[in-house]
Amino acid sequence: MLILSRKTGQSLIIGDDVEIKIVSIDGDNVKIGISAPKNVTVMRKELLEVKDENKKAINIDKSSLKKLEKLIKKD
């Protein structure tokens, strides 16, 4: 992992066409601006983690579903 120090107004470039600029720093909060082509996906990591968790939750064990179906039919 590359670790850099930047001040407000400074930028860094990733590849040929992605620029990350430090817009402001307020205590523990750092506001950044990202300039990237439309074909480059930019997401907050926590949103990607939630997306992955939701995908895992969708995968229902079919045997458990059958057991639940039997329980519902008993009533």
# chains A, B, ... in the order shown; residues from 1 in each chain; ligands from 1
call {"tool": "residues_around", "arguments": {"residues": "stretch 24-36 of chain A", "least_positions_apart": "4", "cutoff": "10 Å", "atoms": "only C-alpha atoms", "output": "ChimeraX atom specification"}}
result
/A:7-14,16-20,40-42
call {"tool": "write_last_selection", "arguments": {"atoms": "C-alpha atoms", "output": "CSV table (one decimal), in the first residue's frame"}}
result
chain,number,residue,atom,x,y,z
A,7,LYS,CA,-2.7,19.1,1.8
A,8,THR,CA,-6.0,20.8,0.8
A,9,GLY,CA,-5.9,21.6,-2.9
A,10,GLN,CA,-3.3,18.9,-3.7
A,11,SER,CA,-4.0,16.0,-6.0
A,12,LEU,CA,-2.7,12.6,-7.0
A,13,ILE,CA,-3.1,10.9,-10.3
A,14,ILE,CA,-3.9,7.2,-10.8
A,16,ASP,CA,-3.6,8.3,-17.1
A,17,ASP,CA,-7.1,9.5,-16.3
A,18,VAL,CA,-8.1,9.4,-12.7
A,19,GLU,CA,-7.4,12.4,-10.4
A,20,ILE,CA,-8.1,12.5,-6.7
A,40,VAL,CA,-14.6,3.9,-14.3
A,41,THR,CA,-16.8,2.8,-11.4
A,42,VAL,CA,-16.1,4.8,-8.2
call {"tool": "select_by_dssp", "arguments": {"residues": "stretch 23-60 of chain A", "states": "strand (DSSP E or B)", "output": "list in words"}}
result
Val23, Ser24, Ile25, Asp26, Asn29, Val30, Lys31, Ile32, Gly33, Ile34 and Ser35 of chain A
call {"tool": "write_last_selection", "arguments": {"atoms": "C-alpha atoms", "output": "PDB file, in the first residue's frame"}}
result
ATOM      1  CA  VAL A  23     -10.985  19.398  -1.325  1.00  0.00           C
ATOM      2  CA  SER A  24     -10.992  20.070   2.419  1.00  0.00           C
ATOM      3  CA  ILE A  25      -9.824  18.705   5.745  1.00  0.00           C
ATOM      4  CA  ASP A  26     -11.892  19.232   8.897  1.00  0.00           C
ATOM      5  CA  ASN A  29     -12.981  14.260   7.930  1.00  0.00           C
ATOM      6  CA  VAL A  30     -11.274  14.554   4.577  1.00  0.00           C
ATOM      7  CA  LYS A  31     -13.403  15.642   1.625  1.00  0.00           C
ATOM      8  CA  ILE A  32     -12.062  14.382  -1.688  1.00  0.00           C
ATOM      9  CA  GLY A  33     -13.002  14.993  -5.289  1.00  0.00           C
ATOM     10  CA  ILE A  34     -12.547  12.286  -7.898  1.00  0.00           C
ATOM     11  CA  SER A  35     -12.284  12.973 -11.618  1.00  0.00           C
TER      12      SER A  35
END
call {"tool": "atom_distance", "arguments": {"atom1": "atom CA of A:Leu65", "atom2": "atom CA of A:Glu53"}}
result
19.5 Å
call {"tool": "select_by_dssp", "arguments": {"residues": "stretch 13-63 of chain A", "states": "alpha helix (DSSP H)", "output": "list in words"}}
result
Lys45, Glu46, Leu47, Leu48, Glu49, Val50, Lys51, Asp52, Glu53, Asn54, Lys55, Lys56, Ala57, Ile58, Lys62 and Ser63 of chain A
call {"tool": "write_last_selection", "arguments": {"atoms": "C-alpha atoms", "output": "short mmCIF file (atom, residue, chain, number, x, y, z; two decimals), in the first residue's frame"}}
result
data_model
loop_
_atom_site.label_atom_id
_atom_site.label_comp_id
_atom_site.auth_asym_id
_atom_site.auth_seq_id
_atom_site.Cartn_x
_atom_site.Cartn_y
_atom_site.Cartn_z
CA LYS A 45 -16.08 0.71 0.06
CA GLU A 46 -18.82 0.34 2.67
CA LEU A 47 -21.48 0.38 -0.07
CA LEU A 48 -19.66 -2.35 -1.94
CA GLU A 49 -19.50 -4.43 1.26
CA VAL A 50 -23.25 -4.00 1.81
CA LYS A 51 -23.87 -5.01 -1.80
CA ASP A 52 -21.81 -8.18 -1.30
CA GLU A 53 -23.64 -9.00 1.95
CA ASN A 54 -26.99 -8.57 0.22
CA LYS A 55 -25.90 -10.94 -2.54
CA LYS A 56 -24.92 -13.53 0.08
CA ALA A 57 -28.27 -13.13 1.84
CA ILE A 58 -30.13 -13.88 -1.38
CA LYS A 62 -32.90 -24.94 -0.75
CA SER A 63 -33.15 -27.66 1.91
#
call {"tool": "atom_distance", "arguments": {"atom1": "atom CA of A:Asn39", "atom2": "atom CA of A:Ser5"}}
result
28.0 Å
